[in-house]
Amino acid sequence: MSDFLRIQDVSVAYGDIQALWDVSLNVEEGEIVALIGPNGAGKTTLMRAVAGLNPLKSGGIHLGDKALHTLRAHQIAEQGVILVPEGRRLFGGLSVLDNLELGAYSKRARQVRAETLKLVYELFPLLADRKLQRANTMSGGQQQMLAIGRALMGVPRLLMLDEPSLGLGPLVVESIFETIKRMNDQGVTVFLVEQNAWQALELAHRAYILEQGRIAGTGLAQELLRDDRVKQAYLGISPAAEV
Amino acid sequence: MSAFMQTLVWGIFAGAIYGIAAMGLALVFGVLKILNIAHGELVMLGGYVGFWAFTALGWDPFLALILVIPATFVLGIVLDRVIYRYVVRLWGEEKIKNSLLVSFGLGLVLSNLAQWVFTGDERSVQPSYAGQGLDVYGVLMPYTRLATLGIVLVVTVALHLFLRKTYPGKAILATAEDYESAELAGINIDRVYMLTFALSAALAGIAGQFVTFTYALAPSIGMFWTLKAMIVIVLAGTGSILGALPAGLVLGVVEALSGAYLAQTYKELVGLVIFLLVVIIRPQGLFVRK
Amino acid sequence: MKTPAGGQLSLWKPSRRWSGPGLIVVVLAFAIVFPQQIAQDNIWNLFFLMSLGITMGQSWNMLGGFAGQTSLGHAGFFGIGALVTRTLWLHGTPFILALVVGGVATATFAMIIGAPTFRLRGAYFAIGTLAVAEVLRITVAQNRPFISTMPGDMIASYSLPARYWVALALAVVTTGAAYLLLRSRWSLGILGVREDEEAAQASGVHVLRHKLLALALSALFMGLAGGVFAFKQISYYPEAPFLPTFTFEAMMIAYIGGVGTVAGPVIGGAFFVFVRERLAANLTDVHQVIFGVLFILVVLIFPGGLLEIWERLRRLATRRQQGGPRASGPSPEEEGL
């Protein structure tokens with residue numbers, strides 16, 4: 001019984017340009033919730049707003065009873081809400097190990113840093129192999145794993161991922177989504193934004209659709225997979241044509 | 001030949017001070033992404049702390065570093081909290097422009113406050129062993145200058161180790177690379193900025209201390225040192241913090257050689273002209289890996 | 001603190017009422033009549049300095065305020081104007097001609113270094129201009145180290161009021177030029193460059209040309225100001241007008257008065273010089289500290305300078321009368337664009 005992540009009537013604007021209008025959604029503990037929608041719909045904006053990088057024009061974001069929208073980004077990370085941003089955004093000039101260790105900067109995570117590191121190495125053995133390698137010399141897939149690993153070092157209660165499959169080959173994407181499933185099995189709640197709607201809906205329990213800054217629909221992932229409109233708009237499946 | 005070596009050696013000694021004077025500015029520019037025109041005034045104030053320690057307490061200038069470093073560090077914290085923290089949260093061109101303006105105003109305030117307190121007279125510090133030094137094949141190397149070079153090297157190595165090997169140091173590097181990701185990782189970047197600025201002030205203070213016995217100390221020297229530091233960081237490449245030292249040495253040597261073989265009077269010009277050439281032709285600097 | 005995403009820290013646009021023609025006439029009349037009435041040297045001097053300050057502020061403002069290119073090397077222009085004017089004049093050229101040549105020479109110089117210098121952006125441009133000015137200063141200091149003094153006959157026929165009239169005329173012309181520039185067909189391009197260079201480029205504005213135009217005018221008037229300085233100073237070191245102090249004064253006048261506006265440098269010039277002369281009489285350098293603090297406050301809190309402070313007070317007063325709901329912020333009425 002938990003009202004885990006609650007986003008209520010959130011509006012976000014960049015100066016005079018409004019990106020999100022009264023967006024409401026919630027994520028229950030232990031779920032995987034996906035946010036799909038076309039390019040430019042505002043998915044990244046919403047993620048960044050939850051993570052504390054974009055200020056809200058109106059509305060509120062709560063984790064349990066904690067008001068996230070009043071906190072600074074690093075404080076939100078301290079609460080266990082960790083975002084893996086779009087495009088990896090690693091500390092390229094630092095080593096893999098440095099990146100991972102920095103992921104555990106918050107007080108909460110620092111205490112268990114050594115154990116978490118072991119877990120991350122188990123999950124991503126190739127990171128263990130490349131401990132001292134500079135982050136920006138790794139391939140896209142490896143970097144994505146490092147980005148997720150770094151997020152895990154923060155001991156997330158809610159893990160947010162913004163376009164984890166962006167620019168990666170299908171095999172890598174498979175393995176990443178498997179990893180996300182595994183983490184969810186171990187109790188990490190996941191909220192992810194994905195261009196690759198098919199993969200996202202296969203993975204998630206529930207999903208929301210964001211179009212032009214507004215929530216356009218929601219439902220169980222399996223239902224949405226069968227929904228015609230969704231199929232047409234996001235899954236590239238055209239309705240049965242007249243032959 | 002020994003005249004050439006002597007010139008070279010003087011250039012290296014001068015360059016060491018240029019290097020450490022620039023290192024603080026490079027830190028601030030690399031991490032906070034702001035341009036602190038008042039950096040030279042921090043050098044000047046560090047020098048005055050040292051000067052006070054010498055005249056009031058009779059402390060040897062190198063010993064006085066124990067006083068100068070924390071004093072300028074604290075000053076850095078104060079300036080960050082009172083002024084720079086408001087500039088740092090802006091973005092892009094605006095941040096740079098406003099930091100330029102604000103630090104210019106601050107420089108004015110600091111240099112005139114110093115003038116009011118210390119008067120405009122030039123001061124210098126002469127430790128008792130000032131004239132003595134090593135004589136190596138006819139090349140004179142005063143102890144004071146050797147010690148300066150030594151300390152600069154030690155500080156550079158210490159800074160490198162701090163940034164690369166310690167947790168807070170790595171947090172600083174991470175913030176410099178991508179401050180949003182740093183925040184997402186739980187790093188309080190306000191604190192990082194404050195620490196960085198304080199460090200840069202301390203580095204400036206050390207440089208100022210060296211200035212007291214190698215150049216003249218006066219409230220008006222701020223602009224001179226700011227310009228020198230700017231030239232050095234442009235030569236080094238603005239991403240490079242430790243590149244400030246080799247770049248400083250290069251500048252020192254080039255100046256010394258120009259002074260000896262062209263004309264003393266054009267020594268200052270050389271640095272400025274090089275600066276303009278580098279900034280227009282190779283803006284990424286000489287020591288940044290591309 | 002106002003920080004609109006992606007834009008200027010805040011640009012103050014004063015309402016029309018402030019710079020109504022009636023006010024201009026009054027101010028001009030005062031500037032013409034008052035010193036004649038008092039007819040004392042210190043007043044002529046004060047008004048001279050105020051006029052010169054206004055000119056310097058307007059000139060810096062054209063480049064730094066309108067085009068958004070922060071120049072830290074304006075003293076270079078001041079110095080060239082002074083050098084050329086002084087040299088010609090002391091060698092027998094009639095003053096006005098020498099002055100004009102000085103101004104033109106300065107603008108020419110600016111055009112020559114303009115294109116390469118404008119390849120630099122933001123901070124680099126600022127430091128680059130400072131470096132250029134310092135190069136000029138050091139070169140002049142090396143080549144002309146001896147003090148320049150007016151010959152005896154010129155001293156004998158020295159008329160301080162004449163100096164003031166020249167300075168006042170220049171201030172009026174410069175202010176007029178700034179006003180016309182804002183009303184010209186180039187103003188949108190220039191202001192666009194300030195707001196967002198890339199966007200301006202994308203919408204077809206020839207960025208470099210607009211920057212050069214602002215630079216040319218700015219340098220011209222700063223050079224003329226330098227020439228007037230050379231006209232007034234009986235003796236000075238040739239390197240003196242190249243000192244960064246003059247850049248900083250011009251910049252502070254523009255900012256404290258209200259950067260980016262036409263009225264700003266007028267207010268700033270009068271205020272700055274007046275306060276400086278008053279304070280310098282008593283406590284030598286405290287005025288610099290005050291200006292530094294004021295400058296910081298303006299940049300951080302009141303980007304519109306004194307003009308903004310004045311407007312806000314007025315708005316506060318009229319809001320009480322009207323009970324208007326409008327929160328304080330940039331005025332919807334805009335200065336003739």
# chains A, B, ... in the order shown; residues from 1 in each chain; ligands from 1
>>> select_by_dssp(residues="region 14-192 of chain A", states="alpha helix (DSSP H)", output="ChimeraX atom specification")
/A:43-51,73-78,96-103,107-111,113-123,125-129,140-153,170-185
>>> interface_residues(of="chain B", to="chain A", cutoff="8 Å", atoms="only C-alpha atoms", output="CSV table (one decimal) with N, CA and C atoms, in the first residue's frame")
chain,number,residue,atom,x,y,z
B,167,TYR,N,38.1,12.0,-3.0
B,167,TYR,CA,36.6,12.0,-3.3
B,167,TYR,C,36.2,13.4,-3.6
B,170,LYS,N,37.6,14.6,-6.9
B,170,LYS,CA,36.9,14.0,-8.1
B,170,LYS,C,35.5,14.6,-8.3
B,171,ALA,N,34.9,15.0,-7.2
B,171,ALA,CA,33.6,15.6,-7.3
B,171,ALA,C,33.8,17.0,-8.0
B,174,ALA,N,34.2,16.2,-11.6
B,174,ALA,CA,33.0,15.8,-12.2
B,174,ALA,C,32.1,17.0,-12.4
B,177,GLU,N,33.0,18.8,-15.5
B,177,GLU,CA,32.6,18.2,-16.7
B,177,GLU,C,31.2,18.3,-17.0
B,178,ASP,N,30.4,18.0,-16.0
B,178,ASP,CA,28.9,18.0,-16.2
B,178,ASP,C,28.2,18.2,-14.9
B,180,GLU,N,25.2,19.0,-14.1
B,180,GLU,CA,23.9,18.4,-13.9
B,180,GLU,C,24.1,17.0,-13.5
B,181,SER,N,24.9,16.2,-14.2
B,181,SER,CA,25.1,14.8,-13.8
B,181,SER,C,25.7,14.7,-12.4
B,183,GLU,N,25.0,16.8,-10.0
B,183,GLU,CA,23.9,16.9,-9.1
B,183,GLU,C,23.1,15.7,-9.0
B,184,LEU,N,22.9,15.0,-10.1
B,184,LEU,CA,22.1,13.8,-10.1
B,184,LEU,C,22.7,12.7,-9.3
B,185,ALA,N,24.0,12.8,-9.2
B,185,ALA,CA,24.7,11.8,-8.4
B,185,ALA,C,24.7,12.1,-7.0
B,186,GLY,N,24.1,13.2,-6.6
B,186,GLY,CA,24.0,13.5,-5.2
B,186,GLY,C,25.1,14.5,-4.7
B,187,ILE,N,25.8,15.1,-5.7
B,187,ILE,CA,26.9,16.0,-5.3
B,187,ILE,C,26.2,17.4,-5.1
B,188,ASN,N,26.5,18.0,-4.0
B,188,ASN,CA,26.0,19.4,-3.8
B,188,ASN,C,26.9,20.4,-4.5
>>> atom_distance(atom1="CA of Pro265 (chain C)", atom2="CA of Met62 (chain C)")
10.3 Å
>>> closest_atom_pairs(of="region 187-258 of chain C", to="region 92-107 of chain B", cutoff="10 Å", atoms="only C-alpha atoms", output="tab-separated table")
residue	atom	partner	partner_atom	distance
C:Glu195	CA	B:Glu94	CA	9.9
C:Asp196	CA	B:Glu93	CA	9.3
C:Phe248	CA	B:Phe104	CA	8.7
C:Met251	CA	B:Leu101	CA	9.3
C:Met252	CA	B:Gly105	CA	8.8
C:Tyr255	CA	B:Leu101	CA	9.7
>>> atom_distance(atom1="CA of Gly46 (chain B)", atom2="CA of Thr265 (chain B)")
27.9 Å
>>> residues_around(residues="Ser11 (chain A)", least_positions_apart="3", cutoff="6 Å", atoms="only C-alpha atoms", output="PDB file with all heavy atoms, in the first residue's frame")
ATOM      1  N   LEU A  20       5.051  21.481 -20.370  1.00  0.00           N
ATOM      2  CA  LEU A  20       4.158  20.496 -19.770  1.00  0.00           C
ATOM      3  C   LEU A  20       2.922  21.187 -19.203  1.00  0.00           C
ATOM      4  O   LEU A  20       3.035  22.223 -18.565  1.00  0.00           O
ATOM      5  CB  LEU A  20       4.859  19.735 -18.645  1.00  0.00           C
ATOM      6  CG  LEU A  20       6.050  18.869 -19.035  1.00  0.00           C
ATOM      7  CD1 LEU A  20       6.693  18.296 -17.785  1.00  0.00           C
ATOM      8  CD2 LEU A  20       5.630  17.761 -19.961  1.00  0.00           C
ATOM      9  N   TRP A  21       1.776  20.595 -19.460  1.00  0.00           N
ATOM     10  CA  TRP A  21       0.519  21.163 -18.961  1.00  0.00           C
ATOM     11  C   TRP A  21      -0.172  20.181 -18.025  1.00  0.00           C
ATOM     12  O   TRP A  21      -0.647  19.137 -18.451  1.00  0.00           O
ATOM     13  CB  TRP A  21      -0.435  21.423 -20.128  1.00  0.00           C
ATOM     14  CG  TRP A  21      -0.240  22.711 -20.817  1.00  0.00           C
ATOM     15  CD1 TRP A  21      -0.853  23.895 -20.534  1.00  0.00           C
ATOM     16  CD2 TRP A  21       0.611  22.970 -21.937  1.00  0.00           C
ATOM     17  NE1 TRP A  21      -0.438  24.867 -21.399  1.00  0.00           N
ATOM     18  CE2 TRP A  21       0.463  24.334 -22.273  1.00  0.00           C
ATOM     19  CE3 TRP A  21       1.483  22.186 -22.680  1.00  0.00           C
ATOM     20  CZ2 TRP A  21       1.165  24.924 -23.321  1.00  0.00           C
ATOM     21  CZ3 TRP A  21       2.169  22.772 -23.723  1.00  0.00           C
ATOM     22  CH2 TRP A  21       2.013  24.130 -24.035  1.00  0.00           C
ATOM     23  N   ASP A  22      -0.233  20.526 -16.748  1.00  0.00           N
ATOM     24  CA  ASP A  22      -1.047  19.764 -15.795  1.00  0.00           C
ATOM     25  C   ASP A  22      -0.863  18.257 -15.930  1.00  0.00           C
ATOM     26  O   ASP A  22      -1.837  17.511 -16.072  1.00  0.00           O
ATOM     27  CB  ASP A  22      -2.536  20.099 -15.992  1.00  0.00           C
ATOM     28  CG  ASP A  22      -2.763  21.574 -15.796  1.00  0.00           C
ATOM     29  OD1 ASP A  22      -2.208  22.122 -14.833  1.00  0.00           O
ATOM     30  OD2 ASP A  22      -3.480  22.181 -16.618  1.00  0.00           O
ATOM     31  N   LYS A  57       6.509  25.087 -12.849  1.00  0.00           N
ATOM     32  CA  LYS A  57       5.724  26.314 -12.904  1.00  0.00           C
ATOM     33  C   LYS A  57       4.547  26.189 -11.947  1.00  0.00           C
ATOM     34  O   LYS A  57       4.161  27.147 -11.290  1.00  0.00           O
ATOM     35  CB  LYS A  57       5.232  26.528 -14.339  1.00  0.00           C
ATOM     36  CG  LYS A  57       4.625  27.872 -14.574  1.00  0.00           C
ATOM     37  CD  LYS A  57       4.381  28.108 -16.064  1.00  0.00           C
ATOM     38  CE  LYS A  57       3.212  29.067 -16.182  1.00  0.00           C
ATOM     39  NZ  LYS A  57       2.563  29.058 -17.453  1.00  0.00           N
ATOM     40  N   SER A  58       3.995  24.982 -11.891  1.00  0.00           N
ATOM     41  CA  SER A  58       2.923  24.735 -10.924  1.00  0.00           C
ATOM     42  C   SER A  58       2.806  23.237 -10.728  1.00  0.00           C
ATOM     43  O   SER A  58       3.328  22.443 -11.507  1.00  0.00           O
ATOM     44  CB  SER A  58       1.592  25.298 -11.428  1.00  0.00           C
ATOM     45  OG  SER A  58       1.221  24.661 -12.632  1.00  0.00           O
TER      46      SER A  58
END
>>> residues_around(residues="region 54-68 of chain B", least_positions_apart="2", cutoff="12 Å", atoms="only C-alpha atoms", output="VMD selection string")
chain B and resid 42 to 52 70 to 75 123 to 130 143 to 152 155 201 to 214
>>> closest_atom_pairs(of="chain A", to="chain C", cutoff="10 Å", atoms="only C-alpha atoms", output="tab-separated table")
residue	atom	partner	partner_atom	distance
A:Ala13	CA	C:Ala5	CA	9.4
A:Tyr14	CA	C:Ala5	CA	6.2
A:Gly15	CA	C:Ala5	CA	4.9
A:Asp16	CA	C:Ala5	CA	8.4
A:Ile17	CA	C:Ala5	CA	9.7
>>> write_last_selection(atoms="all heavy atoms", output="PDB file, in the first residue's frame")
ATOM      1  N   ALA A  13       7.730  25.187 -17.593  1.00  0.00           N
ATOM      2  CA  ALA A  13       7.944  26.098 -18.715  1.00  0.00           C
ATOM      3  C   ALA A  13       9.417  26.467 -18.799  1.00  0.00           C
ATOM      4  O   ALA A  13      10.098  26.580 -17.790  1.00  0.00           O
ATOM      5  CB  ALA A  13       7.104  27.354 -18.539  1.00  0.00           C
ATOM      6  N   TYR A  14       9.899  26.642 -20.015  1.00  0.00           N
ATOM      7  CA  TYR A  14      11.232  27.196 -20.245  1.00  0.00           C
ATOM      8  C   TYR A  14      11.036  28.660 -20.601  1.00  0.00           C
ATOM      9  O   TYR A  14      10.726  28.989 -21.740  1.00  0.00           O
ATOM     10  CB  TYR A  14      11.920  26.474 -21.413  1.00  0.00           C
ATOM     11  CG  TYR A  14      12.242  25.035 -21.143  1.00  0.00           C
ATOM     12  CD1 TYR A  14      11.498  24.024 -21.747  1.00  0.00           C
ATOM     13  CD2 TYR A  14      13.284  24.670 -20.297  1.00  0.00           C
ATOM     14  CE1 TYR A  14      11.806  22.695 -21.516  1.00  0.00           C
ATOM     15  CE2 TYR A  14      13.586  23.343 -20.068  1.00  0.00           C
ATOM     16  CZ  TYR A  14      12.846  22.357 -20.677  1.00  0.00           C
ATOM     17  OH  TYR A  14      13.140  21.046 -20.451  1.00  0.00           O
ATOM     18  N   GLY A  15      11.190  29.524 -19.631  1.00  0.00           N
ATOM     19  CA  GLY A  15      10.937  30.936 -19.906  1.00  0.00           C
ATOM     20  C   GLY A  15       9.470  31.108 -20.273  1.00  0.00           C
ATOM     21  O   GLY A  15       8.574  30.780 -19.503  1.00  0.00           O
ATOM     22  N   ASP A  16       9.222  31.585 -21.485  1.00  0.00           N
ATOM     23  CA  ASP A  16       7.830  31.784 -21.883  1.00  0.00           C
ATOM     24  C   ASP A  16       7.240  30.569 -22.574  1.00  0.00           C
ATOM     25  O   ASP A  16       6.056  30.550 -22.895  1.00  0.00           O
ATOM     26  CB  ASP A  16       7.748  32.966 -22.865  1.00  0.00           C
ATOM     27  CG  ASP A  16       8.077  34.264 -22.154  1.00  0.00           C
ATOM     28  OD1 ASP A  16       7.770  34.368 -20.961  1.00  0.00           O
ATOM     29  OD2 ASP A  16       8.626  35.171 -22.813  1.00  0.00           O
ATOM     30  N   ILE A  17       8.092  29.577 -22.821  1.00  0.00           N
ATOM     31  CA  ILE A  17       7.594  28.441 -23.591  1.00  0.00           C
ATOM     32  C   ILE A  17       7.195  27.322 -22.650  1.00  0.00           C
ATOM     33  O   ILE A  17       8.023  26.771 -21.926  1.00  0.00           O
ATOM     34  CB  ILE A  17       8.694  27.939 -24.549  1.00  0.00           C
ATOM     35  CG1 ILE A  17       9.119  29.093 -25.437  1.00  0.00           C
ATOM     36  CG2 ILE A  17       8.186  26.779 -25.381  1.00  0.00           C
ATOM     37  CD1 ILE A  17      10.318  28.789 -26.279  1.00  0.00           C
TER      38      ILE A  17
END
>>> interface_residues(of="chain C", to="chain B", cutoff="6 Å", atoms="only C-alpha atoms", output="PDB file with N, CA, C and O atoms, in the first residue's frame")
ATOM      1  N   ALA C 131      43.524  43.336 -23.847  1.00  0.00           N
ATOM      2  CA  ALA C 131      44.901  43.083 -24.277  1.00  0.00           C
ATOM      3  C   ALA C 131      45.319  44.078 -25.361  1.00  0.00           C
ATOM      4  O   ALA C 131      46.427  44.633 -25.319  1.00  0.00           O
ATOM      5  N   VAL C 135      48.331  46.713 -25.148  1.00  0.00           N
ATOM      6  CA  VAL C 135      49.412  46.749 -26.125  1.00  0.00           C
ATOM      7  C   VAL C 135      49.623  48.182 -26.605  1.00  0.00           C
ATOM      8  O   VAL C 135      50.749  48.679 -26.674  1.00  0.00           O
ATOM      9  N   VAL C 289      35.301  52.599  -4.185  1.00  0.00           N
ATOM     10  CA  VAL C 289      34.678  51.477  -3.490  1.00  0.00           C
ATOM     11  C   VAL C 289      33.165  51.546  -3.643  1.00  0.00           C
ATOM     12  O   VAL C 289      32.490  50.573  -3.935  1.00  0.00           O
ATOM     13  N   GLY C 292      32.218  50.641  -7.089  1.00  0.00           N
ATOM     14  CA  GLY C 292      32.360  49.203  -7.292  1.00  0.00           C
ATOM     15  C   GLY C 292      31.175  48.447  -6.719  1.00  0.00           C
ATOM     16  O   GLY C 292      30.601  47.578  -7.381  1.00  0.00           O
ATOM     17  N   PHE C 295      28.111  49.151  -8.719  1.00  0.00           N
ATOM     18  CA  PHE C 295      28.203  48.438  -9.978  1.00  0.00           C
ATOM     19  C   PHE C 295      27.780  46.990  -9.805  1.00  0.00           C
ATOM     20  O   PHE C 295      27.010  46.453 -10.595  1.00  0.00           O
ATOM     21  N   ILE C 296      28.304  46.351  -8.764  1.00  0.00           N
ATOM     22  CA  ILE C 296      27.941  44.954  -8.512  1.00  0.00           C
ATOM     23  C   ILE C 296      26.440  44.839  -8.281  1.00  0.00           C
ATOM     24  O   ILE C 296      25.772  43.951  -8.806  1.00  0.00           O
TER      25      ILE C 296
END
>>> residues_around(residues="Phe242 (chain C)", least_positions_apart="2", cutoff="7 Å", atoms="only C-alpha atoms", output="number ranges by chain")
C: 75-76, 78-79, 133, 137, 239-240, 244
>>> residues_around(residues="region 222-231 of chain C", least_positions_apart="3", cutoff="9 Å", atoms="only C-alpha atoms", output="count of residues only")
45
>>> select_by_dssp(residues="region 2-207 of chain B", states="strand (DSSP E or B)", output="MDAnalysis selection string")
chainID B and resid 123 133:136 139:142
>>> residues_around(residues="Leu210 (chain A)", least_positions_apart="2", cutoff="8 Å", atoms="only C-alpha atoms", output="list in words")
Leu35, Ile36, Gly37, Pro38, Ala41, Gly42, Lys43, Tyr208, Gln212, Gly213, Arg214, Ile215, Ala216 and Gly217 of chain A
>>> write_last_selection(atoms="N, CA, C and O atoms", output="compact mmCIF listing (two decimals), in the first residue's frame")
# COMPACT_ATOMS: atom_id res chain seq x y z
N LEU A 35 6.89 5.72 -19.87
CA LEU A 35 6.31 6.94 -20.43
C LEU A 35 6.69 6.96 -21.90
O LEU A 35 7.87 7.03 -22.25
N ILE A 36 5.68 6.81 -22.74
CA ILE A 36 6.01 6.82 -24.16
C ILE A 36 5.33 8.02 -24.82
O ILE A 36 4.45 8.65 -24.23
N GLY A 37 5.76 8.27 -26.02
CA GLY A 37 5.18 9.41 -26.71
C GLY A 37 6.13 9.88 -27.80
O GLY A 37 7.28 9.44 -27.85
N PRO A 38 5.67 10.76 -28.65
CA PRO A 38 6.51 11.20 -29.76
C PRO A 38 7.66 12.09 -29.29
O PRO A 38 7.67 12.56 -28.16
N ALA A 41 7.65 15.55 -27.01
CA ALA A 41 6.41 15.60 -26.25
C ALA A 41 6.62 16.20 -24.87
O ALA A 41 5.69 16.67 -24.25
N GLY A 42 7.85 16.10 -24.38
CA GLY A 42 8.10 16.66 -23.06
C GLY A 42 8.50 15.58 -22.06
O GLY A 42 8.55 15.84 -20.86
N LYS A 43 8.81 14.39 -22.56
CA LYS A 43 9.13 13.29 -21.65
C LYS A 43 10.39 13.60 -20.85
O LYS A 43 10.42 13.43 -19.62
N TYR A 208 2.19 5.36 -19.47
CA TYR A 208 1.46 6.58 -19.77
C TYR A 208 1.91 7.05 -21.15
O TYR A 208 3.04 6.81 -21.56
N GLN A 212 2.58 16.18 -26.70
CA GLN A 212 2.55 17.64 -26.66
C GLN A 212 2.34 18.18 -25.26
O GLN A 212 1.54 19.06 -25.03
N GLY A 213 3.08 17.61 -24.34
CA GLY A 213 3.06 18.15 -22.99
C GLY A 213 1.87 17.75 -22.15
O GLY A 213 1.70 18.25 -21.05
N ARG A 214 1.04 16.89 -22.66
CA ARG A 214 -0.11 16.45 -21.86
C ARG A 214 -0.22 14.94 -21.87
O ARG A 214 0.14 14.27 -22.83
N ILE A 215 -0.78 14.41 -20.79
CA ILE A 215 -1.01 12.97 -20.73
C ILE A 215 -2.16 12.65 -21.68
O ILE A 215 -3.26 13.18 -21.55
N ALA A 216 -1.88 11.78 -22.64
CA ALA A 216 -2.90 11.46 -23.64
C ALA A 216 -3.53 10.10 -23.39
O ALA A 216 -4.52 9.74 -24.02
N GLY A 217 -2.96 9.36 -22.46
CA GLY A 217 -3.56 8.04 -22.22
C GLY A 217 -2.75 7.28 -21.19
O GLY A 217 -1.60 7.61 -20.91
>>> atom_distance(atom1="CA of Leu72 (chain C)", atom2="CA of Arg121 (chain C)")
13.1 Å
>>> closest_residue(among="A:Val10, A:Leu46, A:Ile32, A:Val155", to="Val112 (chain A)", atoms="only C-alpha atoms")
A:Val155
